[in-house]
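Participant: First the structure, which I've put down as structure tokens, then a few questions once you've had a look.
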Amino acid sequence: MGAGPRRHIARRQDVKFTFTPEAILSLLFTAFSLVAFLLMLEEAIALRQGRDPMSNGVRAFVRRFPRVTYALAVVIGMLLGHLLWP
């Protein structure tokens, strides 16, 4: 009895987080999935209420600034290529 260490209970080890390419890629896809889900949810609510969904604004922005959209797509492609290249 007493406050001594108990061998049958797992002790917390010092955990060091390392960001591997796989972890970063997983975080990116998780964030993208969350954004896509929120856009779909907002669109469903907007259509039910009879107003324009936010995705119309995103579509208008993409059509208004095609160079910025292209540059963003290139940056995302470079990032994914960097993380996935063997």
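Each chain in the structure tokens gets a letter, A, B, ..., in the order shown, and its residues are numbered from 1; ligands are numbered from 1 in order too.
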Using DSSP secondary structure from the backbone, list all alpha helix (DSSP H) positions within chain A, as a PyMOL selection string.
Facilitator: chain A and resi 21-49+54-64+66-84
Participant: State, in Å with one decimal place, the distance from atom CA of Ile45 of chain A to atom CA of Ala60 of chain A.
Facilitator: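 Spanning atom CA of Ile45 of chain A to atom CA of Ala60 of chain A is a straight-line distance of 19.7 Å.
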Participant: Residues near segment 37-41 of chain A, anyone? I mean within 12 Å using only C-alpha atoms, not counting same-chain ones fewer than 2 positions away, as a ChimeraX atom specification.
Facilitator: /A:30-35,43-48,53-58
Participant: So how far away is atom CA of Leu80 of chain A from atom CA of Pro21 of chain A, in Å?
Facilitator: 9.4 Å
Participant: Please report the interatomic distance between atom CA of Ser26 of chain A and atom CA of Ile76 of chain A in Å with one decimal.
Facilitator: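 Going from atom CA of Ser26 of chain A over to atom CA of Ile76 of chain A, I get 14.0 Å.
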